[in-house]
Amino acid sequence: KIDKAGANIESTKQSLAENGIYVEGYGGDIPVVETSAKTGAGINELLDMILLVADIENFVGHPERWGTGVIIENRLDPKKGITAVGIIKDGTVKKGMVAASVGAVAPLRFILDAEGTEKDELTFSSPIQIIGWDSMPPIGATFELFEDKKAAEFYAESEAGKFIKNRNENKIDENMFVVPLIIKSDVSGSLEAIIYEVKKLSRERIMPKIVLEAVGTIGENDVRSAMTTPNTIIMGFHTKIDSQAAALAERSGINIESFDIIYKLTERVAELLAEREPKIEVEEITGSCKILKIFSVTKHKQVLGARVLSGIIERDGKVRIMRREAEIGTGEINELQQGKVEAPKIAEGEFGAMIESKTEIAPGDVLEIITKVTK
C-alpha cells in the first residue's frame with residue numbers, strides 16, 4: 001500500500017476487503033507494508049517483504065528458458081515508434097529474437113533496461129523496454145519470445161482473437177442509450193485509467209460507449225471514425241490534434257475536446273450523460289385522502305366528503321381510486337371546498353369535493369393524487 005497523501009491506512013484495508021482483496025488483519029494472508037512515496041518511509045521494509053514472500057512461496061526463475069513477461073506500460077514515441085515497458089516473469093530475453101503479444105510483434109534488434117541502457121540480454125524479474133512493435137500491445141497482456149517472425153505473428157493473431165472474444169462478452173443492453181466516445185491519450189497507462197473511470201459513469205438509462213481507444217495524436221482517421229457513429233465526441237488526454245484532423249472535424253461538425261487532468265475528462269463525460277439521458281414521464285403520489293361520506297351521485301360525477309391523509313389535495317388533480325389497497329379506477333377532482341368555501345388546494349383536515357369518474361366511489365376508499373413528473 002503506497003500512502004501518497006497521508007491517506008488512512010485502516011480505511012484502505014477495509015476498502016480492499018470490500019472488493020474481495022483480503023489482507024493480513026482482515027481475514028486474509030496478503031501482507032501489507034505501510035510506505036510513503038512522499039517521504040520514502042517503508043521502502044526498505046517493502047523490499048524485505050518481497051524477498052520474504054518469494055522465499056516462502058518458493059518463487060524460482062529459469063534463466064535457460066525463453067523469456068516471457070507482462071506488459072505494464074506502452075507509448076508511441078515519434079522517433080522510436082511503439083515502445084512497451086514490461087516485467088520479465090521468467091526466462092531470459094535476448095537480442096535477435098522476436099517478441100509477440102496480443103495482436104503485436106516486435107523484432108528485438110535492441111533491448112533497454114529500466115534506465116534506458118542498451119543490453120544484450122535481461123533475465124527474470126527485470127524491467128525491460130521493447131521497442132519497435134508493429135501495433136500497440138494492451139496493458140496487462142503477456143509477451144512471449146519466438147525464433148522467427150512467422151511463429152510470433154501466429155501467436156499474436158491467436159491471442160488477439162481471444163482478446164476480442166473476451167471483450168465482446170460484455171454486451172451493451174439493447175435498451176440502454178449510449179454516448180459514443182473516441183478517447184486518445186499520450187500513453188497507455190493514462191488511457192487504461194481513463195477507460196476504467198469512464199466505464200463507472202453509467203447511469204440508469206444511459207452509458208458511455210467507447211467506440212475507439214488508442215494512444216497517439218488525434219488524426220483524420222479518428223474524425224472519420226466519429227463521422228460513422230452519430231453524436232460521437234473525440235476526447236484527447238495530453239495529446240495533440242493533427243491540423244488536418246481539426247479542419248475535417250470543423251467541416252463535419254465533430255466535437256474534439258482536450259484535457260490534461262483525468263477527473264476533468266470524467267466530469268465532462270458525466271455532464272454529457274446527464275444532458276443526453278432520455279427523459280421519461282413518471283407518476284408520483286403528491287397527496288392522499290380517505291372518503292368519509294358520499295353526498296350525491298350523478299352521471300360520472302360524485303360529491304363526497306373526505307379527510308386529508310397526506311400531502312396536498314389539488315383541484316383539477318388526477319386521482320387513483322384505491323379500495324383495500326387495490327386500484328379500482330381513476331378520476332379527476334373538479335371542485336374543492338373546505339368550510340363551505342371553494343379552495344384551489346387542501347393541505348389538512350376534512351373537506352368536500354366533486355369527483356368526475358366512471359368508477360363508483362364508496363366510504364372507506366382512498367384517493368391518491370397523481371402528478372406526472374418528467375425525470
# chains A, B, ... in the order shown; residues from 1 in each chain; ligands from 1
$ residues_around --residues "Val187 of chain A" --least-positions-apart "2" --cutoff "10 Å" --atoms "only C-alpha atoms" --output "ChimeraX atom specification"
/A:73-77,83,184-185,189-192,214-216,237-239
$ write_last_selection --atoms "all heavy atoms" --output "tab-separated table (two decimals), in the first residue's frame"
chain	number	residue	atom	x	y	z
A	73	GLU	N	3.18	-1.00	-19.43
A	73	GLU	CA	3.06	0.36	-19.96
A	73	GLU	C	3.44	0.36	-21.42
A	73	GLU	O	4.24	-0.47	-21.87
A	73	GLU	CB	3.97	1.31	-19.16
A	73	GLU	CG	4.00	2.76	-19.63
A	73	GLU	CD	2.65	3.44	-19.51
A	73	GLU	OE1	1.83	3.26	-20.43
A	73	GLU	OE2	2.41	4.12	-18.52
A	74	ASN	N	2.85	1.25	-22.20
A	74	ASN	CA	3.31	1.43	-23.57
A	74	ASN	C	3.07	2.85	-24.02
A	74	ASN	O	2.24	3.57	-23.43
A	74	ASN	CB	2.68	0.41	-24.53
A	74	ASN	CG	1.17	0.43	-24.48
A	74	ASN	OD1	0.54	1.47	-24.35
A	74	ASN	ND2	0.57	-0.75	-24.57
A	75	ARG	N	3.79	3.27	-25.02
A	75	ARG	CA	3.68	4.65	-25.50
A	75	ARG	C	4.12	4.70	-26.96
A	75	ARG	O	4.79	3.80	-27.45
A	75	ARG	CB	4.54	5.59	-24.65
A	75	ARG	CG	6.02	5.25	-24.65
A	75	ARG	CD	6.82	6.19	-23.76
A	75	ARG	NE	8.25	5.84	-23.74
A	75	ARG	CZ	8.78	4.99	-22.89
A	75	ARG	NH1	8.02	4.38	-21.99
A	75	ARG	NH2	10.07	4.73	-22.94
A	76	LEU	N	3.70	5.78	-27.62
A	76	LEU	CA	4.08	5.99	-29.01
A	76	LEU	C	5.12	7.10	-29.06
A	76	LEU	O	4.81	8.26	-28.83
A	76	LEU	CB	2.85	6.37	-29.84
A	76	LEU	CG	3.09	6.62	-31.33
A	76	LEU	CD1	3.68	5.37	-31.99
A	76	LEU	CD2	1.80	7.02	-32.02
A	77	ASP	N	6.36	6.74	-29.35
A	77	ASP	CA	7.46	7.70	-29.43
A	77	ASP	C	7.61	8.15	-30.88
A	77	ASP	O	7.70	7.32	-31.78
A	77	ASP	CB	8.76	7.05	-28.95
A	77	ASP	CG	9.88	8.06	-28.78
A	77	ASP	OD1	10.29	8.66	-29.80
A	77	ASP	OD2	10.35	8.25	-27.65
A	83	THR	N	6.74	1.76	-28.10
A	83	THR	CA	7.61	1.20	-27.07
A	83	THR	C	6.74	0.63	-25.96
A	83	THR	O	5.81	1.29	-25.49
A	83	THR	CB	8.54	2.27	-26.49
A	83	THR	OG1	9.36	2.80	-27.53
A	83	THR	CG2	9.42	1.69	-25.39
A	184	LYS	N	-8.35	9.31	-27.00
A	184	LYS	CA	-6.92	9.21	-27.35
A	184	LYS	C	-6.10	9.76	-26.19
A	184	LYS	O	-6.48	10.76	-25.56
A	184	LYS	CB	-6.62	10.01	-28.63
A	184	LYS	CG	-7.39	9.57	-29.86
A	184	LYS	CD	-6.99	8.17	-30.32
A	184	LYS	CE	-5.60	8.10	-30.89
A	184	LYS	NZ	-5.48	8.65	-32.25
A	185	SER	N	-4.97	9.12	-25.93
A	185	SER	CA	-4.09	9.55	-24.84
A	185	SER	C	-2.64	9.49	-25.28
A	185	SER	O	-2.31	8.89	-26.30
A	185	SER	CB	-4.32	8.65	-23.61
A	185	SER	OG	-3.46	9.00	-22.55
A	189	GLY	N	-0.91	3.86	-20.10
A	189	GLY	CA	-1.25	3.83	-18.69
A	189	GLY	C	-2.37	4.81	-18.36
A	189	GLY	O	-3.34	4.48	-17.67
A	190	SER	N	-2.25	6.02	-18.90
A	190	SER	CA	-3.31	7.02	-18.71
A	190	SER	C	-4.59	6.58	-19.39
A	190	SER	O	-5.69	6.76	-18.87
A	190	SER	CB	-2.85	8.37	-19.27
A	190	SER	OG	-1.72	8.85	-18.59
A	191	LEU	N	-4.45	5.99	-20.58
A	191	LEU	CA	-5.62	5.55	-21.33
A	191	LEU	C	-6.39	4.49	-20.55
A	191	LEU	O	-7.62	4.55	-20.44
A	191	LEU	CB	-5.19	4.99	-22.69
A	191	LEU	CG	-6.31	4.55	-23.63
A	191	LEU	CD1	-7.20	5.72	-24.00
A	191	LEU	CD2	-5.74	3.89	-24.88
A	192	GLU	N	-5.68	3.53	-19.97
A	192	GLU	CA	-6.33	2.49	-19.18
A	192	GLU	C	-7.06	3.08	-17.98
A	192	GLU	O	-8.19	2.68	-17.66
A	192	GLU	CB	-5.28	1.47	-18.70
A	192	GLU	CG	-4.68	0.62	-19.80
A	192	GLU	CD	-5.66	-0.40	-20.35
A	192	GLU	OE1	-6.49	-0.91	-19.58
A	192	GLU	OE2	-5.60	-0.67	-21.55
A	214	ALA	N	-7.16	4.65	-28.19
A	214	ALA	CA	-5.82	4.45	-28.73
A	214	ALA	C	-4.86	5.48	-28.14
A	214	ALA	O	-5.27	6.49	-27.58
A	214	ALA	CB	-5.83	4.55	-30.25
A	215	VAL	N	-3.59	5.18	-28.31
A	215	VAL	CA	-2.52	6.09	-27.92
A	215	VAL	C	-2.03	6.84	-29.15
A	215	VAL	O	-1.89	6.26	-30.22
A	215	VAL	CB	-1.35	5.32	-27.26
A	215	VAL	CG1	-0.15	6.22	-27.02
A	215	VAL	CG2	-1.80	4.67	-25.96
A	216	GLY	N	-1.79	8.14	-29.00
A	216	GLY	CA	-1.23	8.90	-30.10
A	216	GLY	C	-2.02	10.16	-30.42
A	216	GLY	O	-3.01	10.49	-29.76
A	237	PHE	N	-6.39	13.24	-24.22
A	237	PHE	CA	-5.72	13.48	-22.94
A	237	PHE	C	-4.22	13.60	-23.19
A	237	PHE	O	-3.57	12.65	-23.60
A	237	PHE	CB	-6.01	12.34	-21.97
A	237	PHE	CG	-5.35	12.52	-20.62
A	237	PHE	CD1	-5.89	13.41	-19.70
A	237	PHE	CD2	-4.19	11.84	-20.29
A	237	PHE	CE1	-5.28	13.60	-18.46
A	237	PHE	CE2	-3.57	12.02	-19.07
A	237	PHE	CZ	-4.12	12.90	-18.15
A	238	HIS	N	-3.70	14.80	-22.95
A	238	HIS	CA	-2.26	15.07	-23.14
A	238	HIS	C	-1.80	14.68	-24.54
A	238	HIS	O	-0.68	14.18	-24.72
A	238	HIS	CB	-1.42	14.33	-22.11
A	238	HIS	CG	-1.31	15.03	-20.79
A	238	HIS	ND1	-0.88	16.32	-20.66
A	238	HIS	CD2	-1.61	14.61	-19.54
A	238	HIS	CE1	-0.90	16.66	-19.39
A	238	HIS	NE2	-1.36	15.65	-18.68
A	239	THR	N	-2.65	14.86	-25.53
A	239	THR	CA	-2.26	14.51	-26.89
A	239	THR	C	-2.61	15.63	-27.85
A	239	THR	O	-3.52	16.42	-27.60
A	239	THR	CB	-2.94	13.19	-27.32
A	239	THR	OG1	-2.41	12.74	-28.55
A	239	THR	CG2	-4.45	13.37	-27.46
$ closest_atom_pairs --of "segment 59-113 of chain A" --to "segment 131-147 of chain A" --cutoff "9 Å" --atoms "only C-alpha atoms" --output "JSON lines"
{"residue": "A:Trp66", "atom": "CA", "partner": "A:Leu145", "partner_atom": "CA", "distance": 6.1}
{"residue": "A:Gly67", "atom": "CA", "partner": "A:Leu145", "partner_atom": "CA", "distance": 6.1}
{"residue": "A:Thr68", "atom": "CA", "partner": "A:Glu144", "partner_atom": "CA", "distance": 4.7}
{"residue": "A:Gly69", "atom": "CA", "partner": "A:Phe143", "partner_atom": "CA", "distance": 5.4}
{"residue": "A:Val70", "atom": "CA", "partner": "A:Thr142", "partner_atom": "CA", "distance": 4.3}
{"residue": "A:Ile71", "atom": "CA", "partner": "A:Gly140", "partner_atom": "CA", "distance": 5.2}
{"residue": "A:Ile72", "atom": "CA", "partner": "A:Ile139", "partner_atom": "CA", "distance": 5.4}
{"residue": "A:Glu73", "atom": "CA", "partner": "A:Ile139", "partner_atom": "CA", "distance": 6.0}
{"residue": "A:Asn74", "atom": "CA", "partner": "A:Met136", "partner_atom": "CA", "distance": 7.3}
{"residue": "A:Arg75", "atom": "CA", "partner": "A:Met136", "partner_atom": "CA", "distance": 8.0}
{"residue": "A:Leu76", "atom": "CA", "partner": "A:Met136", "partner_atom": "CA", "distance": 8.3}
{"residue": "A:Lys80", "atom": "CA", "partner": "A:Ile131", "partner_atom": "CA", "distance": 6.8}
{"residue": "A:Gly81", "atom": "CA", "partner": "A:Gly132", "partner_atom": "CA", "distance": 5.8}
{"residue": "A:Ile82", "atom": "CA", "partner": "A:Trp133", "partner_atom": "CA", "distance": 5.4}
{"residue": "A:Thr83", "atom": "CA", "partner": "A:Ile131", "partner_atom": "CA", "distance": 4.5}
{"residue": "A:Ala84", "atom": "CA", "partner": "A:Ile131", "partner_atom": "CA", "distance": 6.5}
{"residue": "A:Val85", "atom": "CA", "partner": "A:Ile131", "partner_atom": "CA", "distance": 8.8}
{"residue": "A:Gly86", "atom": "CA", "partner": "A:Phe143", "partner_atom": "CA", "distance": 8.4}
{"residue": "A:Ile88", "atom": "CA", "partner": "A:Phe143", "partner_atom": "CA", "distance": 8.9}
{"residue": "A:Val93", "atom": "CA", "partner": "A:Leu145", "partner_atom": "CA", "distance": 7.5}
{"residue": "A:Gly96", "atom": "CA", "partner": "A:Glu147", "partner_atom": "CA", "distance": 8.1}
{"residue": "A:Met97", "atom": "CA", "partner": "A:Glu147", "partner_atom": "CA", "distance": 5.3}
{"residue": "A:Val98", "atom": "CA", "partner": "A:Phe146", "partner_atom": "CA", "distance": 5.1}
{"residue": "A:Ala99", "atom": "CA", "partner": "A:Leu145", "partner_atom": "CA", "distance": 4.6}
{"residue": "A:Ala100", "atom": "CA", "partner": "A:Phe143", "partner_atom": "CA", "distance": 5.4}
{"residue": "A:Ser101", "atom": "CA", "partner": "A:Phe143", "partner_atom": "CA", "distance": 4.5}
{"residue": "A:Val102", "atom": "CA", "partner": "A:Pro137", "partner_atom": "CA", "distance": 5.7}
{"residue": "A:Gly103", "atom": "CA", "partner": "A:Pro137", "partner_atom": "CA", "distance": 6.7}
{"residue": "A:Ala104", "atom": "CA", "partner": "A:Ser135", "partner_atom": "CA", "distance": 5.1}
{"residue": "A:Val105", "atom": "CA", "partner": "A:Trp133", "partner_atom": "CA", "distance": 5.4}
{"residue": "A:Ala106", "atom": "CA", "partner": "A:Trp133", "partner_atom": "CA", "distance": 4.3}
{"residue": "A:Pro107", "atom": "CA", "partner": "A:Gly132", "partner_atom": "CA", "distance": 7.0}
{"residue": "A:Leu108", "atom": "CA", "partner": "A:Ile131", "partner_atom": "CA", "distance": 7.5}
{"residue": "A:Arg109", "atom": "CA", "partner": "A:Ile131", "partner_atom": "CA", "distance": 8.4}
{"residue": "A:Phe110", "atom": "CA", "partner": "A:Ile131", "partner_atom": "CA", "distance": 7.6}
{"residue": "A:Ile111", "atom": "CA", "partner": "A:Ile131", "partner_atom": "CA", "distance": 7.1}
{"residue": "A:Leu112", "atom": "CA", "partner": "A:Ile131", "partner_atom": "CA", "distance": 8.4}
$ select_by_dssp --residues "segment 212-262 of chain A" --states "alpha helix (DSSP H)" --output "list in words"
Glu220, Asn221, Asp222, Val223, Arg224, Ser225, Ala226, Met227, Thr228, Ser243, Gln244, Ala245, Ala246, Ala247, Leu248, Ala249, Glu250, Arg251, Ser252 and Ile262 of chain A
$ write_last_selection --atoms "all heavy atoms" --output "short mmCIF file (atom, residue, chain, number, x, y, z; two decimals), in the first residue's frame"
data_model
loop_
_atom_site.label_atom_id
_atom_site.label_comp_id
_atom_site.auth_asym_id
_atom_site.auth_seq_id
_atom_site.Cartn_x
_atom_site.Cartn_y
_atom_site.Cartn_z
N GLU A 220 -6.92 12.25 -38.74
CA GLU A 220 -8.09 12.23 -39.63
C GLU A 220 -8.89 10.95 -39.50
O GLU A 220 -10.12 10.97 -39.59
CB GLU A 220 -7.63 12.42 -41.08
CG GLU A 220 -7.18 13.83 -41.43
CD GLU A 220 -6.87 13.96 -42.92
OE1 GLU A 220 -5.71 13.70 -43.30
OE2 GLU A 220 -7.80 14.30 -43.68
N ASN A 221 -8.21 9.81 -39.30
CA ASN A 221 -8.93 8.55 -39.16
C ASN A 221 -9.85 8.55 -37.95
O ASN A 221 -10.94 7.96 -37.97
CB ASN A 221 -7.94 7.38 -39.06
CG ASN A 221 -7.29 7.06 -40.39
OD1 ASN A 221 -7.84 7.39 -41.44
ND2 ASN A 221 -6.12 6.44 -40.35
N ASP A 222 -9.42 9.22 -36.88
CA ASP A 222 -10.27 9.33 -35.68
C ASP A 222 -11.52 10.13 -36.00
O ASP A 222 -12.63 9.77 -35.57
CB ASP A 222 -9.49 9.99 -34.54
CG ASP A 222 -8.25 9.20 -34.15
OD1 ASP A 222 -8.36 7.97 -34.01
OD2 ASP A 222 -7.19 9.81 -33.99
N VAL A 223 -11.35 11.22 -36.74
CA VAL A 223 -12.51 12.05 -37.10
C VAL A 223 -13.45 11.27 -38.01
O VAL A 223 -14.68 11.32 -37.85
CB VAL A 223 -12.05 13.36 -37.77
CG1 VAL A 223 -13.26 14.20 -38.19
CG2 VAL A 223 -11.15 14.16 -36.83
N ARG A 224 -12.89 10.53 -38.96
CA ARG A 224 -13.73 9.73 -39.87
C ARG A 224 -14.48 8.64 -39.10
O ARG A 224 -15.63 8.33 -39.41
CB ARG A 224 -12.88 9.13 -40.99
CG ARG A 224 -12.35 10.17 -41.98
CD ARG A 224 -11.78 9.52 -43.23
NE ARG A 224 -11.32 10.52 -44.16
CZ ARG A 224 -10.07 10.95 -44.24
NH1 ARG A 224 -9.14 10.44 -43.43
NH2 ARG A 224 -9.73 11.86 -45.13
N SER A 225 -13.82 8.08 -38.11
CA SER A 225 -14.49 7.08 -37.27
C SER A 225 -15.65 7.71 -36.52
O SER A 225 -16.72 7.10 -36.38
CB SER A 225 -13.50 6.47 -36.27
OG SER A 225 -12.48 5.76 -36.93
N ALA A 226 -15.45 8.94 -36.04
CA ALA A 226 -16.52 9.65 -35.33
C ALA A 226 -17.68 9.95 -36.27
O ALA A 226 -18.85 9.95 -35.86
CB ALA A 226 -15.98 10.94 -34.72
N MET A 227 -17.38 10.20 -37.55
CA MET A 227 -18.42 10.53 -38.53
C MET A 227 -19.32 9.33 -38.81
O MET A 227 -20.48 9.50 -39.21
CB MET A 227 -17.77 11.03 -39.83
CG MET A 227 -17.08 12.38 -39.69
SD MET A 227 -15.97 12.77 -41.08
CE MET A 227 -17.11 12.79 -42.46
N THR A 228 -18.83 8.13 -38.62
CA THR A 228 -19.64 6.94 -38.90
C THR A 228 -20.64 6.63 -37.80
O THR A 228 -21.58 5.88 -38.02
CB THR A 228 -18.73 5.70 -39.11
OG1 THR A 228 -18.01 5.44 -37.89
CG2 THR A 228 -17.76 5.93 -40.24
N SER A 243 -3.52 19.00 -37.56
CA SER A 243 -4.17 20.17 -38.18
C SER A 243 -5.21 19.75 -39.22
O SER A 243 -6.29 20.35 -39.32
CB SER A 243 -3.12 21.08 -38.83
OG SER A 243 -2.38 20.38 -39.81
N GLN A 244 -4.90 18.71 -40.00
CA GLN A 244 -5.87 18.23 -40.99
C GLN A 244 -7.10 17.62 -40.31
O GLN A 244 -8.22 17.78 -40.78
CB GLN A 244 -5.21 17.22 -41.91
CG GLN A 244 -4.13 17.82 -42.81
CD GLN A 244 -3.45 16.79 -43.67
OE1 GLN A 244 -3.29 15.65 -43.25
NE2 GLN A 244 -3.05 17.17 -44.87
N ALA A 245 -6.86 16.94 -39.17
CA ALA A 245 -7.98 16.37 -38.42
C ALA A 245 -8.86 17.46 -37.85
O ALA A 245 -10.09 17.35 -37.86
CB ALA A 245 -7.45 15.48 -37.30
N ALA A 246 -8.25 18.54 -37.34
CA ALA A 246 -9.00 19.66 -36.79
C ALA A 246 -9.87 20.31 -37.86
O ALA A 246 -11.04 20.65 -37.62
CB ALA A 246 -8.05 20.68 -36.17
N ALA A 247 -9.30 20.47 -39.07
CA ALA A 247 -10.06 21.08 -40.17
C ALA A 247 -11.23 20.19 -40.59
O ALA A 247 -12.35 20.67 -40.82
CB ALA A 247 -9.13 21.33 -41.35
N LEU A 248 -10.98 18.87 -40.67
CA LEU A 248 -12.03 17.94 -41.05
C LEU A 248 -13.14 17.91 -40.00
O LEU A 248 -14.32 17.86 -40.33
CB LEU A 248 -11.45 16.53 -41.24
CG LEU A 248 -12.44 15.42 -41.61
CD1 LEU A 248 -13.16 15.74 -42.92
CD2 LEU A 248 -11.73 14.08 -41.68
N ALA A 249 -12.74 17.96 -38.72
CA ALA A 249 -13.73 17.94 -37.64
C ALA A 249 -14.62 19.18 -37.70
O ALA A 249 -15.83 19.10 -37.49
CB ALA A 249 -13.02 17.85 -36.29
N GLU A 250 -14.01 20.33 -37.98
CA GLU A 250 -14.77 21.57 -38.06
C GLU A 250 -15.78 21.52 -39.22
O GLU A 250 -16.93 21.94 -39.08
CB GLU A 250 -13.83 22.76 -38.23
CG GLU A 250 -14.53 24.10 -38.16
CD GLU A 250 -13.56 25.27 -38.17
OE1 GLU A 250 -12.33 25.02 -38.16
OE2 GLU A 250 -14.03 26.42 -38.20
N ARG A 251 -15.33 21.00 -40.36
CA ARG A 251 -16.23 20.90 -41.52
C ARG A 251 -17.36 19.90 -41.27
O ARG A 251 -18.47 20.09 -41.76
CB ARG A 251 -15.44 20.47 -42.77
CG ARG A 251 -14.45 21.49 -43.27
CD ARG A 251 -14.01 21.16 -44.69
NE ARG A 251 -13.46 19.82 -44.82
CZ ARG A 251 -12.18 19.50 -44.66
NH1 ARG A 251 -11.30 20.46 -44.37
NH2 ARG A 251 -11.76 18.26 -44.81
N SER A 252 -17.07 18.87 -40.51
CA SER A 252 -18.03 17.79 -40.32
C SER A 252 -18.89 17.95 -39.07
O SER A 252 -19.79 17.14 -38.82
CB SER A 252 -17.29 16.44 -40.25
OG SER A 252 -16.43 16.28 -41.35
N ILE A 262 -7.33 13.94 -15.58
CA ILE A 262 -8.27 12.85 -15.83
C ILE A 262 -9.65 13.15 -15.26
O ILE A 262 -10.67 12.92 -15.92
CB ILE A 262 -7.73 11.52 -15.26
CG1 ILE A 262 -6.54 11.03 -16.11
CG2 ILE A 262 -8.82 10.44 -15.24
CD1 ILE A 262 -5.91 9.74 -15.62
#
$ residues_around --residues "Phe351 of chain A" --least-positions-apart "4" --cutoff "6 Å" --atoms "only C-alpha atoms" --output "compact mmCIF listing (two decimals) with N, CA, C and O atoms, in the first residue's frame"
# COMPACT_ATOMS: atom_id res chain seq x y z
N GLY A 305 -67.46 13.73 0.92
CA GLY A 305 -66.67 14.32 1.99
C GLY A 305 -65.47 13.43 2.27
O GLY A 305 -65.57 12.19 2.21
N ALA A 306 -64.33 14.05 2.56
CA ALA A 306 -63.10 13.27 2.76
C ALA A 306 -62.20 13.95 3.78
O ALA A 306 -62.44 15.09 4.20
N GLN A 337 -63.95 22.18 -1.65
CA GLN A 337 -64.49 23.13 -0.68
C GLN A 337 -64.02 22.73 0.71
O GLN A 337 -63.93 21.54 1.03
N GLN A 338 -63.75 23.73 1.52
CA GLN A 338 -63.44 23.49 2.92
C GLN A 338 -64.11 24.59 3.73
O GLN A 338 -63.88 25.78 3.48
$ select_by_dssp --residues "segment 44-223 of chain A" --states "strand (DSSP E or B)" --output "ChimeraX atom specification"
/A:66,68-77,81-90,92-94,98-101,104-107,111-112,118-119,121-123,127-133,142-146,177-185,187,206-215,218
$ closest_residue --among "A:Glu115, A:Leu181, A:Lys240, A:Ile355" --to "Lys199 of chain A" --atoms "only C-alpha atoms"
A:Leu181
$ closest_residue --among "A:Lys318, A:Glu327, A:Glu356, A:Lys279" --to "Thr298 of chain A" --atoms "only C-alpha atoms"
A:Glu356
$ closest_residue --among "A:Glu64, A:Asp55, A:Asp90, A:Glu213" --to "Ala193 of chain A" --atoms "only C-alpha atoms"
A:Glu213
$ residues_around --residues "Ile210 of chain A" --least-positions-apart "4" --cutoff "8 Å" --atoms "only C-alpha atoms" --output "ChimeraX atom specification"
/A:180-183
$ atom_distance --atom1 "atom CA of Ser125 of chain A" --atom2 "atom CA of Ile87 of chain A"
6.2 Å
